[in-house]
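Shown next: final-v3.cif, given as mmCIF, C-alpha atoms and all ligand atoms.
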data_my_file
#
loop_
_atom_site.label_atom_id
_atom_site.label_comp_id
_atom_site.auth_asym_id
_atom_site.auth_seq_id
_atom_site.Cartn_x
_atom_site.Cartn_y
_atom_site.Cartn_z
CA MET A 1 0.00 0.00 0.00
CA GLN A 2 1.23 3.50 -0.86
CA THR A 3 1.62 6.07 1.88
CA ILE A 4 1.76 9.81 1.69
CA ASP A 5 5.29 9.71 3.12
CA THR A 6 6.70 7.33 0.52
CA TYR A 7 4.80 8.36 -2.64
CA ASN A 8 6.61 10.42 -5.29
CA PHE A 9 4.32 13.37 -6.06
CA GLN A 10 6.68 15.02 -8.56
CA GLY A 11 4.59 16.38 -11.46
CA LYS A 12 1.49 14.53 -10.23
CA ARG A 13 -1.96 16.00 -9.73
CA ALA A 14 -3.34 14.79 -6.40
CA LEU A 15 -7.10 14.78 -5.85
CA ILE A 16 -7.58 15.05 -2.11
CA ARG A 17 -10.95 14.32 -0.48
CA VAL A 18 -10.90 16.67 2.47
CA ASP A 19 -13.55 17.39 5.07
CA PHE A 20 -14.18 21.13 4.71
CA ASN A 21 -17.69 20.77 6.07
CA VAL A 22 -17.13 23.61 8.51
CA PRO A 23 -19.84 25.51 10.37
CA LEU A 24 -20.66 28.94 8.88
CA ASN A 25 -22.65 31.75 10.50
CA ASP A 26 -25.32 33.74 8.67
CA LYS A 27 -22.61 36.04 7.23
CA PHE A 28 -20.87 32.94 5.80
CA GLU A 29 -17.99 33.33 8.23
CA ILE A 30 -16.34 30.14 9.48
CA THR A 31 -17.08 29.67 13.18
CA ASP A 32 -14.77 26.66 13.67
CA ASP A 33 -11.97 25.96 11.20
CA THR A 34 -10.60 22.84 12.96
CA ARG A 35 -11.27 20.58 9.97
CA MET A 36 -9.61 22.97 7.54
CA ARG A 37 -6.52 23.34 9.71
CA ALA A 38 -6.33 19.58 10.04
CA ALA A 39 -6.03 19.20 6.26
CA VAL A 40 -3.08 21.55 5.84
CA PRO A 41 -0.21 19.06 6.48
CA THR A 42 -1.48 16.68 3.78
CA ILE A 43 -1.81 19.51 1.25
CA LYS A 44 1.63 20.87 2.11
CA LYS A 45 3.20 17.45 1.80
CA VAL A 46 2.01 17.07 -1.81
CA LEU A 47 3.12 20.58 -2.70
CA ALA A 48 6.52 20.05 -1.08
CA GLY A 49 6.93 16.97 -3.25
CA SER A 50 6.38 19.12 -6.39
CA GLY A 51 2.87 17.88 -7.00
CA SER A 52 -0.27 19.95 -7.52
CA VAL A 53 -3.40 19.66 -5.40
CA ILE A 54 -7.08 19.44 -6.29
CA LEU A 55 -9.30 19.66 -3.21
CA MET A 56 -12.80 18.24 -3.11
CA SER A 57 -15.28 18.34 -0.23
CA HIS A 58 -18.91 18.65 0.68
CA LEU A 59 -20.35 21.50 2.71
CA GLY A 60 -23.69 21.15 4.45
CA ARG A 61 -26.62 19.27 3.01
CA PRO A 62 -27.63 21.07 -0.19
CA LYS A 63 -30.48 19.55 -2.16
CA LYS A 64 -29.13 21.12 -5.37
CA ALA A 65 -26.53 23.70 -6.48
CA ASP A 66 -27.10 26.51 -4.02
CA VAL A 67 -24.77 29.44 -3.39
CA LYS A 68 -25.54 29.20 0.34
CA PHE A 69 -23.52 25.99 0.40
CA SER A 70 -20.76 27.13 -1.96
CA LEU A 71 -17.19 26.31 -1.00
CA LYS A 72 -16.38 29.76 -2.34
CA HIS A 73 -17.18 30.99 1.19
CA ILE A 74 -14.14 29.23 2.59
CA LEU A 75 -11.68 30.03 -0.23
CA LYS A 76 -10.17 33.13 1.38
CA HIS A 77 -9.58 31.36 4.67
CA LEU A 78 -8.00 28.42 2.88
CA GLU A 79 -5.61 30.84 1.17
CA GLU A 80 -4.72 32.29 4.57
CA LEU A 81 -4.12 28.86 6.08
CA LEU A 82 -1.94 27.75 3.18
CA ASP A 83 -0.40 31.19 2.81
CA MET A 84 -0.75 31.06 -0.97
CA PRO A 85 -3.35 31.73 -3.69
CA VAL A 86 -5.87 28.97 -4.37
CA LYS A 87 -7.80 28.63 -7.63
CA PHE A 88 -11.51 27.84 -7.57
CA ALA A 89 -13.54 25.69 -9.95
CA ASP A 90 -17.21 26.62 -9.76
CA ASP A 91 -18.24 23.11 -10.71
CA CYS A 92 -16.62 19.94 -9.35
CA VAL A 93 -16.89 18.14 -12.71
CA GLY A 94 -17.41 19.22 -16.34
CA GLU A 95 -15.24 20.80 -19.00
CA SER A 96 -14.11 23.85 -17.05
CA ALA A 97 -13.06 21.84 -13.98
CA LYS A 98 -11.20 19.48 -16.27
CA LYS A 99 -9.42 22.35 -18.03
CA GLN A 100 -8.48 24.03 -14.74
CA ALA A 101 -7.18 20.74 -13.34
CA SER A 102 -5.13 19.94 -16.44
CA GLU A 103 -3.55 23.40 -16.42
CA LEU A 104 -2.41 23.13 -12.80
CA LYS A 105 1.33 23.48 -12.36
CA PRO A 106 3.36 21.80 -9.63
CA GLY A 107 2.91 23.74 -6.40
CA GLU A 108 -0.57 25.02 -7.31
CA VAL A 109 -3.89 24.31 -5.55
CA LEU A 110 -7.40 24.14 -7.00
CA LEU A 111 -10.54 23.92 -4.85
CA LEU A 112 -13.56 22.29 -6.48
CA GLU A 113 -17.13 23.41 -5.82
CA ASN A 114 -19.29 21.44 -3.36
CA LEU A 115 -19.53 17.77 -4.36
CA ARG A 116 -23.05 17.52 -2.98
CA PHE A 117 -24.38 19.94 -5.59
CA TYR A 118 -24.71 16.62 -7.40
CA ALA A 119 -27.00 13.86 -6.12
CA GLU A 120 -24.44 11.47 -7.61
CA GLU A 121 -21.95 12.22 -4.83
CA GLU A 122 -24.12 10.41 -2.29
CA GLY A 123 -25.91 8.30 -4.89
CA LYS A 124 -29.29 9.09 -3.38
CA PRO A 125 -32.19 10.29 -5.52
CA ARG A 126 -33.46 13.81 -4.94
CA GLY A 127 -36.70 15.61 -5.57
CA LEU A 128 -38.91 12.53 -5.26
CA ALA A 129 -42.55 13.36 -4.55
CA GLU A 130 -43.53 12.49 -0.98
CA ASP A 131 -46.19 10.15 -2.23
CA ALA A 132 -43.85 8.41 -4.70
CA SER A 133 -44.56 4.73 -5.04
CA ASP A 134 -42.00 2.06 -4.21
CA GLU A 135 -41.60 1.47 -7.95
CA GLU A 136 -40.84 5.15 -8.56
CA LYS A 137 -38.37 5.21 -5.68
CA LYS A 138 -36.62 2.15 -7.03
CA ALA A 139 -36.41 3.61 -10.53
CA ALA A 140 -35.06 6.92 -9.23
CA LYS A 141 -32.44 5.09 -7.19
CA ALA A 142 -31.37 3.02 -10.17
CA ALA A 143 -31.14 6.18 -12.31
CA VAL A 144 -28.90 8.01 -9.86
CA LYS A 145 -26.70 4.92 -9.39
CA GLU A 146 -26.30 4.80 -13.17
CA SER A 147 -25.42 8.48 -13.58
CA GLN A 148 -23.11 8.14 -10.57
CA LYS A 149 -20.74 6.01 -12.65
CA LYS A 150 -20.06 8.91 -15.01
CA PHE A 151 -19.74 11.33 -12.09
CA VAL A 152 -17.11 9.11 -10.47
CA ALA A 153 -15.23 8.75 -13.78
CA ASP A 154 -15.32 12.51 -14.34
CA LEU A 155 -13.93 13.20 -10.88
CA ALA A 156 -11.24 10.58 -11.32
CA SER A 157 -10.21 12.02 -14.70
CA LEU A 158 -9.04 15.20 -12.96
CA ALA A 159 -6.00 13.66 -11.32
CA ASP A 160 -3.22 11.06 -11.19
CA VAL A 161 -3.43 10.23 -7.48
CA TRP A 162 -6.32 10.04 -5.00
CA ILE A 163 -5.85 10.79 -1.32
CA ASN A 164 -8.64 10.25 1.18
CA ASP A 165 -8.20 12.57 4.13
CA ALA A 166 -11.84 12.95 5.17
CA PHE A 167 -12.31 10.76 8.23
CA GLY A 168 -15.65 12.45 8.97
CA THR A 169 -17.22 10.82 5.90
CA ALA A 170 -15.25 7.55 5.95
CA HIS A 171 -18.38 5.66 6.99
CA ARG A 172 -20.13 6.63 3.76
CA ALA A 173 -19.70 4.83 0.42
CA HIS A 174 -19.93 8.03 -1.58
CA ALA A 175 -18.41 8.80 -4.99
CA SER A 176 -15.47 10.82 -3.63
CA THR A 177 -14.88 8.80 -0.46
CA ALA A 178 -14.98 5.25 -1.81
CA LEU A 179 -16.29 4.61 -5.32
CA ILE A 180 -13.51 6.58 -6.96
CA ALA A 181 -10.92 4.13 -5.57
CA SER A 182 -11.15 1.74 -8.53
CA TYR A 183 -9.63 4.42 -10.80
CA PHE A 184 -6.51 4.61 -8.66
CA GLN A 185 -5.43 1.01 -8.16
CA ASN A 186 -1.82 1.87 -7.38
CA ASP A 187 -2.10 5.55 -6.67
CA ARG A 188 -4.30 5.93 -3.60
CA MET A 189 -3.49 6.54 0.01
CA PHE A 190 -4.66 8.03 3.28
CA GLY A 191 -3.79 11.62 4.14
CA TYR A 192 -2.38 12.56 7.52
CA VAL A 193 -5.81 13.17 9.12
CA MET A 194 -6.96 9.67 8.26
CA GLU A 195 -3.63 8.14 9.26
CA GLY A 196 -3.77 9.91 12.62
CA GLU A 197 -7.36 8.90 13.31
CA LEU A 198 -6.75 5.26 12.44
CA LYS A 199 -3.63 5.11 14.55
CA ALA A 200 -5.46 6.60 17.54
CA VAL A 201 -8.48 4.33 17.26
CA ASP A 202 -6.35 1.25 16.67
CA ASN A 203 -4.27 2.15 19.72
CA VAL A 204 -7.47 1.96 21.72
CA MET A 205 -9.43 -0.81 20.05
CA LYS A 206 -6.67 -3.15 18.87
CA HIS A 207 -3.70 -2.71 21.19
CA PRO A 208 -5.01 -1.21 24.43
CA GLN A 209 -2.75 -1.04 27.44
CA ARG A 210 -4.61 -2.21 30.51
CA PRO A 211 -6.64 -1.29 32.36
CA PHE A 212 -8.81 -0.05 29.50
CA THR A 213 -11.76 2.14 30.52
CA ALA A 214 -14.56 3.35 28.30
CA ILE A 215 -16.83 6.15 29.44
CA MET A 216 -20.11 6.24 27.57
CA GLY A 217 -22.62 9.00 28.11
CA GLY A 218 -25.19 10.94 26.16
CA SER A 219 -28.90 10.85 26.28
CA LYS A 220 -30.08 7.39 25.28
CA VAL A 221 -28.88 3.83 25.60
CA SER A 222 -30.60 2.90 22.33
CA SER A 223 -28.19 5.01 20.28
CA LYS A 224 -25.11 3.55 22.02
CA ILE A 225 -26.03 -0.10 22.19
CA ASP A 226 -23.83 -1.39 19.34
CA ILE A 227 -20.81 0.39 20.74
CA ILE A 228 -21.44 -0.81 24.28
CA MET A 229 -21.79 -4.40 23.09
CA ASN A 230 -18.61 -4.23 21.00
CA LEU A 231 -16.70 -2.72 23.92
CA MET A 232 -17.76 -5.52 26.27
CA ASP A 233 -15.14 -7.83 24.78
CA LYS A 234 -12.42 -5.27 25.07
CA VAL A 235 -12.67 -3.09 28.16
CA ASP A 236 -11.87 -3.68 31.81
CA ASN A 237 -14.10 -0.87 33.06
CA LEU A 238 -17.24 0.53 31.48
CA ILE A 239 -18.53 3.74 33.00
CA LEU A 240 -22.07 4.54 31.90
CA GLY A 241 -23.41 8.03 32.56
CA GLY A 242 -25.77 10.64 31.18
CA GLY A 243 -29.43 10.17 30.42
CA MET A 244 -29.10 6.44 29.84
CA THR A 245 -28.40 5.96 33.55
CA TYR A 246 -32.10 6.25 34.30
CA THR A 247 -33.13 3.50 31.93
CA PHE A 248 -30.79 1.21 33.90
CA LYS A 249 -32.07 2.41 37.26
CA ALA A 250 -35.71 2.02 36.23
CA ALA A 251 -34.97 -1.44 34.79
CA LEU A 252 -33.51 -2.37 38.19
CA GLY A 253 -36.75 -1.34 39.86
CA GLY A 254 -35.85 2.25 40.69
CA HIS A 255 -38.15 5.26 40.58
CA VAL A 256 -36.65 7.84 38.21
CA GLY A 257 -39.24 10.65 38.33
CA ALA A 258 -39.22 12.75 35.17
CA SER A 259 -35.73 11.61 34.07
CA ILE A 260 -35.17 10.60 30.49
CA CYS A 261 -36.01 6.89 30.40
CA GLU A 262 -36.51 4.43 27.57
CA THR A 263 -39.13 2.10 29.00
CA ASP A 264 -38.86 -0.22 25.98
CA LYS A 265 -35.15 -0.76 26.65
CA PHE A 266 -35.33 -2.32 30.12
CA ASP A 267 -34.46 -5.80 28.80
CA LEU A 268 -31.52 -4.34 26.97
CA ALA A 269 -30.26 -2.58 30.10
CA LEU A 270 -30.55 -5.80 32.12
CA ASP A 271 -28.75 -7.69 29.32
CA ILE A 272 -25.89 -5.21 29.47
CA ILE A 273 -25.62 -5.69 33.24
CA ARG A 274 -25.66 -9.49 32.84
CA ILE A 275 -23.15 -9.57 29.96
CA ALA A 276 -20.79 -7.28 31.84
CA LYS A 277 -20.88 -9.73 34.77
CA GLU A 278 -20.30 -12.72 32.51
CA LYS A 279 -17.36 -11.09 30.79
CA GLY A 280 -15.82 -9.73 33.96
CA VAL A 281 -16.27 -6.11 32.92
CA ASN A 282 -16.46 -3.68 35.83
CA LEU A 283 -19.67 -1.80 35.01
CA VAL A 284 -19.74 1.53 36.81
CA LEU A 285 -23.12 3.23 37.07
CA SER A 286 -23.96 6.43 38.88
CA ASP A 287 -25.24 6.07 42.43
CA GLN A 288 -25.70 9.72 43.11
CA ALA A 289 -27.60 12.10 40.85
CA VAL A 290 -27.94 15.84 40.58
CA ILE A 291 -31.62 16.35 39.91
CA GLY A 292 -33.53 19.42 38.76
CA ASP A 293 -37.20 20.33 38.87
CA SER A 294 -37.06 21.39 35.19
CA PHE A 295 -34.78 20.90 32.19
CA SER A 296 -33.24 24.32 32.64
CA ASN A 297 -30.23 26.04 34.10
CA ASP A 298 -32.62 27.92 36.38
CA ALA A 299 -34.01 24.70 37.84
CA ASN A 300 -33.99 24.07 41.59
CA VAL A 301 -31.39 21.42 42.29
CA GLN A 302 -30.93 18.56 44.78
CA ILE A 303 -28.59 15.64 45.18
CA CYS A 304 -30.32 12.29 45.41
CA ASP A 305 -30.20 8.53 44.94
CA PRO A 306 -30.94 7.83 41.25
CA MET A 307 -33.03 4.82 42.35
CA ASN A 308 -35.38 7.16 44.17
CA ILE A 309 -36.04 10.40 42.31
CA PRO A 310 -39.14 12.37 43.36
CA ASP A 311 -41.94 12.89 40.84
CA GLY A 312 -41.50 16.04 38.79
CA TRP A 313 -37.69 15.95 39.19
CA GLU A 314 -35.20 14.64 36.67
CA GLY A 315 -31.61 13.44 36.82
CA LEU A 316 -29.39 15.85 34.90
CA ASP A 317 -25.87 15.16 36.17
CA VAL A 318 -23.87 12.86 38.43
CA GLY A 319 -23.35 13.92 42.03
CA PRO A 320 -20.02 14.58 43.82
CA GLU A 321 -19.61 11.04 45.19
CA THR A 322 -20.17 9.48 41.78
CA ARG A 323 -17.78 11.99 40.22
CA GLU A 324 -15.12 10.77 42.64
CA ARG A 325 -15.86 7.12 41.85
CA PHE A 326 -15.70 7.77 38.11
CA ALA A 327 -12.47 9.77 38.51
CA GLY A 328 -10.90 7.02 40.63
CA VAL A 329 -11.49 4.42 37.90
CA ILE A 330 -10.34 6.75 35.12
CA GLU A 331 -7.15 7.77 36.90
CA GLN A 332 -6.06 4.16 37.30
CA SER A 333 -6.50 3.46 33.58
CA LYS A 334 -3.85 3.16 30.89
CA THR A 335 -6.23 3.41 27.93
CA ILE A 336 -9.33 5.62 27.91
CA LEU A 337 -12.11 6.06 25.42
CA TRP A 338 -14.71 8.74 26.09
CA ASN A 339 -17.90 9.21 24.13
CA GLY A 340 -20.80 11.25 25.41
CA PRO A 341 -21.25 13.65 28.35
CA VAL A 342 -22.36 12.26 31.72
CA GLY A 343 -24.74 15.17 32.30
CA VAL A 344 -26.38 18.06 30.52
CA PHE A 345 -23.02 19.84 30.26
CA GLU A 346 -24.46 22.58 28.04
CA MET A 347 -26.04 24.03 31.22
CA PRO A 348 -23.38 25.19 33.72
CA LYS A 349 -25.46 23.90 36.66
CA PHE A 350 -25.21 20.35 35.29
CA ALA A 351 -21.71 20.44 33.77
CA GLU A 352 -19.74 19.45 36.89
CA GLY A 353 -19.92 15.69 36.31
CA THR A 354 -18.72 15.96 32.73
CA LYS A 355 -15.99 18.39 33.82
CA ALA A 356 -14.88 15.90 36.50
CA VAL A 357 -14.62 13.16 33.84
CA ALA A 358 -12.59 15.48 31.58
CA ASP A 359 -10.28 16.48 34.46
CA ALA A 360 -9.71 12.85 35.43
CA ILE A 361 -8.88 11.96 31.81
CA VAL A 362 -6.37 14.81 31.72
CA ARG A 363 -4.74 13.56 34.95
CA ALA A 364 -4.59 9.99 33.64
CA THR A 365 -3.05 11.25 30.39
CA GLU A 366 -0.42 13.17 32.37
CA GLN A 367 0.38 9.88 34.10
CA GLY A 368 0.98 8.19 30.75
CA ALA A 369 -2.44 6.86 29.70
CA PHE A 370 -3.57 7.05 26.08
CA SER A 371 -6.89 8.93 25.89
CA LEU A 372 -9.17 9.20 22.88
CA ILE A 373 -12.16 11.52 22.94
CA GLY A 374 -14.63 11.21 20.12
CA GLY A 375 -18.12 11.48 18.86
CA GLY A 376 -19.95 14.79 18.86
CA ASP A 377 -20.79 16.01 22.30
CA SER A 378 -17.79 14.82 24.27
CA VAL A 379 -15.61 16.70 21.78
CA ALA A 380 -17.79 19.79 22.30
CA ALA A 381 -17.41 19.29 26.06
CA ILE A 382 -13.62 18.91 26.06
CA ASN A 383 -13.38 22.02 23.88
CA GLN A 384 -15.77 23.92 26.16
CA PHE A 385 -13.50 23.10 29.12
CA GLY A 386 -10.39 24.16 27.15
CA LEU A 387 -8.76 20.76 27.71
CA ALA A 388 -8.53 19.44 24.14
CA ASP A 389 -4.75 19.75 24.02
CA LYS A 390 -4.32 17.90 27.33
CA VAL A 391 -5.66 14.55 26.11
CA SER A 392 -3.94 12.19 23.67
CA TYR A 393 -6.32 12.49 20.73
CA VAL A 394 -9.57 14.28 19.91
CA SER A 395 -11.24 12.66 16.93
CA THR A 396 -12.60 14.77 14.07
CA GLY A 397 -15.04 12.10 12.97
CA GLY A 398 -18.32 11.77 14.86
CA GLY A 399 -20.38 9.11 13.11
CA ALA A 400 -17.34 7.58 11.41
CA LEU A 401 -15.53 7.11 14.72
CA LEU A 402 -18.57 5.57 16.38
CA GLU A 403 -19.07 3.09 13.54
CA TYR A 404 -15.39 2.15 13.64
CA ILE A 405 -15.67 1.54 17.38
CA GLU A 406 -18.80 -0.50 16.77
CA GLY A 407 -16.56 -2.77 14.73
CA LYS A 408 -18.07 -1.89 11.36
CA GLU A 409 -16.05 -1.75 8.19
CA LEU A 410 -15.81 1.82 6.92
CA PRO A 411 -16.07 2.16 3.11
CA GLY A 412 -13.59 5.06 3.06
CA ILE A 413 -10.97 2.89 4.74
CA THR A 414 -11.64 -0.27 2.76
CA ALA A 415 -11.46 1.78 -0.45
CA ILE A 416 -7.84 2.67 0.25
CA ARG A 417 -6.71 -0.62 1.73
CA GLY A 418 -8.53 -2.65 -0.90
P1 LIG B 1 -25.91 11.87 22.54
O1 LIG B 1 -26.10 12.69 21.30
O2 LIG B 1 -26.82 10.72 22.67
O3 LIG B 1 -24.45 11.55 22.79
O4 LIG B 1 -26.38 12.82 23.71
C1 LIG B 1 -25.71 14.00 24.06
C2 LIG B 1 -26.66 14.83 24.87
O5 LIG B 1 -27.06 14.10 26.00
C3 LIG B 1 -26.07 16.12 25.37
O6 LIG B 1 -26.66 17.17 24.67
C4 LIG B 1 -26.43 16.13 26.84
O7 LIG B 1 -26.99 17.35 27.25
C5 LIG B 1 -27.48 15.04 26.94
N1 LIG B 1 -27.56 14.48 28.28
C6 LIG B 1 -26.57 14.06 29.08
N2 LIG B 1 -27.05 13.66 30.26
C7 LIG B 1 -28.37 13.84 30.24
C8 LIG B 1 -29.42 13.63 31.18
N3 LIG B 1 -29.17 13.15 32.40
N4 LIG B 1 -30.68 13.92 30.80
C9 LIG B 1 -30.92 14.40 29.58
N5 LIG B 1 -29.98 14.62 28.64
C10 LIG B 1 -28.72 14.34 28.97
#
What do you get writing this file as structure tokens?
Ligand code: AMP
Amino acid sequence: MQTIDTYNFQGKRALIRVDFNVPLNDKFEITDDTRMRAAVPTIKKVLAGSGSVILMSHLGRPKKADVKFSLKHILKHLEELLDMPVKFADDCVGESAKKQASELKPGEVLLLENLRFYAEEEGKPRGLAEDASDEEKKAAKAAVKESQKKFVADLASLADVWINDAFGTAHRAHASTALIASYFQNDRMFGYVMEGELKAVDNVMKHPQRPFTAIMGGSKVSSKIDIIMNLMDKVDNLILGGGMTYTFKAALGGHVGASICETDKFDLALDIIRIAKEKGVNLVLSDQAVIGDSFSNDANVQICDPMNIPDGWEGLDVGPETRERFAGVIEQSKTILWNGPVGVFEMPKFAEGTKAVADAIVRATEQGAFSLIGGGDSVAAINQFGLADKVSYVSTGGGALLEYIEGKELPGITAIRG
């Protein structure tokens, strides 16, 4: 397999699938450029090797070509980050993109317009009537799959080498993330973002130093079940926090008041408790809750036993004793995976538990543990606490990371490895 460090880019045009799906405010200003900054080393590496770079990405979820979702909005910032001019192709395929790509000289960069201006990027039909019949849906799907072949070929014709550096979309078998691979049998590789992500996740999932602790939080157990089950074979300690706590407590016969609770998942919760016992996993559940009388930062607050929450009150964070228990387990760990806040951290009144988890992970990391934080809200939390640079790795890929941890094969990874 080729790697970005060994490949000879001299005179080659490299088509790099980046993840420039950055948040923009209503003035089209970038509010978080993390993903763009992450892509710079890969781009620079190709340029330093006397290659030229063609960047392709999606931005948002356009239903058609729509200037609101144009990558033009990020062009100036890209030029600042790279400290050089960047050309722009206002269509990602077609004659003009082809001409601009073919005229690129070594050391030059071209940014293509949003891939998702075409339904063919995702290969999903658009504009179907709501009352479309199954037959019509099937026909529309077949049509877009057919036209997708040409789209993929057109994209591939722009370059000599394909680099996938978009971990955030690695779980999707889209034109630019996976299907294009067949055009680059010997000239495809991961960029540095992908390499870094895979190394970090493999450190945790394939070669963990023990003890290995996973902390899973968030709102519902139903959305985390595949991950929890896959982790059961791997971890020594499994800390479960957040809203899902109350489904467990209720399943065990507790009274959880107005807490978030999935009454149809009691069997599942009891299964998790049983499997953890069978596999010798130390399952750590909260035994002290911070409860509020409304889902609000202005709520009245009490500390109570999560098995016995008064009516009209809901569990919104873990209490001080549970924070200490969680921290004790985390600080003795050598490998740590954290996904999901253990309380409603967005409200300062209920952020203490999540902060305590983050602080304990930082202390464990200082003592030599490898810590990986990933998946949406725990990344938001670690950033909110200003601790992102004090843990080993913060993943850029929400859904992709979670699917990888679930043990699923990611099309964007398979496409490169073959
Ligand atoms: P998820 O997307 O499932 O990872 O859930 C993340 C969300 O769970 C965050 O927005 C948290 O505010 C929320 N959350 C955490 N703990 C609780 C809780 N005890 N009750 C309700 N929501 C919670």
Could you list, as a PDB file with C-alpha atoms, in the coordinates of the input, all residues that come within 7 Å of ligand LIG 1 (chain B)? Count all atoms listed in the file.
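The resulting pocket-v7.pdb:
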ATOM      1  CA  GLY A 217     -22.620   9.000  28.110  1.00  0.00           C
ATOM      2  CA  GLY A 218     -25.190  10.940  26.160  1.00  0.00           C
ATOM      3  CA  SER A 219     -28.900  10.850  26.280  1.00  0.00           C
ATOM      4  CA  LYS A 220     -30.080   7.390  25.280  1.00  0.00           C
ATOM      5  CA  SER A 223     -28.190   5.010  20.280  1.00  0.00           C
ATOM      6  CA  GLY A 242     -25.770  10.640  31.180  1.00  0.00           C
ATOM      7  CA  GLY A 243     -29.430  10.170  30.420  1.00  0.00           C
ATOM      8  CA  SER A 259     -35.730  11.610  34.070  1.00  0.00           C
ATOM      9  CA  ILE A 260     -35.170  10.600  30.490  1.00  0.00           C
ATOM     10  CA  GLY A 315     -31.610  13.440  36.820  1.00  0.00           C
ATOM     11  CA  LEU A 316     -29.390  15.850  34.900  1.00  0.00           C
ATOM     12  CA  ASP A 317     -25.870  15.160  36.170  1.00  0.00           C
ATOM     13  CA  GLY A 340     -20.800  11.250  25.410  1.00  0.00           C
ATOM     14  CA  PRO A 341     -21.250  13.650  28.350  1.00  0.00           C
ATOM     15  CA  VAL A 342     -22.360  12.260  31.720  1.00  0.00           C
ATOM     16  CA  GLY A 343     -24.740  15.170  32.300  1.00  0.00           C
ATOM     17  CA  VAL A 344     -26.380  18.060  30.520  1.00  0.00           C
ATOM     18  CA  PHE A 345     -23.020  19.840  30.260  1.00  0.00           C
ATOM     19  CA  GLU A 346     -24.460  22.580  28.040  1.00  0.00           C
ATOM     20  CA  GLY A 376     -19.950  14.790  18.860  1.00  0.00           C
ATOM     21  CA  ASP A 377     -20.790  16.010  22.300  1.00  0.00           C
TER      22      ASP A 377
END
Could you tell me how far atom CA of A:Asp83 lies from atom CA of A:Ile54, in Å and to one decimal?
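Separation of atom CA of A:Asp83 and atom CA of A:Ile54: 16.3 Å.
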Mind giving me the axis-aligned box for stretch 149-155 of chain A with 4 Å on every side, centre plus edges in Å to one decimal, as lines of an AutoDock Vina configuration file?
center_x = -17.3
center_y = 9.6
center_z = -12.7
size_x = 14.8
size_y = 15.2
size_z = 12.5
Leaving out A:Ser102 and any residue of its chain fewer than 4 positions from it, which residues lie within 10 Å of it when counting all atoms listed in the file, given as a list in words?
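In the requested form, the answer reads Arg13, Ser96, Ala97, Lys98, Ser157, Leu158 and Ala159 of chain A.
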Looking at A:His171, A:Arg126, A:Arg210, A:Lys199, which one is nearest to A:Ile413, with distances taken over all atoms listed in the file?
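Of the candidates, the smallest distance to A:Ile413 is held by A:His171.
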Using all atoms listed in the file, what does the table of stretch 180-262 of chain A residues within 12 Å of stretch 145-151 of chain A look like, with each row giving the shortest atom pair and its distance in Å to one decimal, sorted by chain and ascending number, as a tab-separated table?
residue	atom	partner	partner_atom	distance
A:Ile180	CA	A:Lys149	CA	9.2
A:Ser182	CA	A:Lys149	CA	11.3
A:Tyr183	CA	A:Lys149	CA	11.4
List the neighbours of A:Pro411 out to 7 Å using only C-alpha atoms; skip same-chain residues closer than 6 positions along the sequence, and give me the result as a list of chain:residue names.
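Everything that qualifies: A:Ala170, A:His171, A:Arg172, A:Ala173, A:Ala178.
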Counting all atoms listed in the file, the option among A:Val204, A:Leu240, A:Ile336, A:Ala181 closest to A:Asp160
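Of A:Val204, A:Leu240, A:Ile336, A:Ala181, the one nearest A:Asp160, counting all atoms listed in the file, is A:Ala181.
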Give me, please, the distance in Å between atom CA of A:Asp226 and atom CA of A:Ala327, quoted to one decimal.
24.9 Å
Just give me the gap between atom CA of A:Glu113 and atom CA of A:Asp32 in Å, one decimal is fine.
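Between atom CA of A:Glu113 and atom CA of A:Asp32 the gap works out to 19.9 Å.
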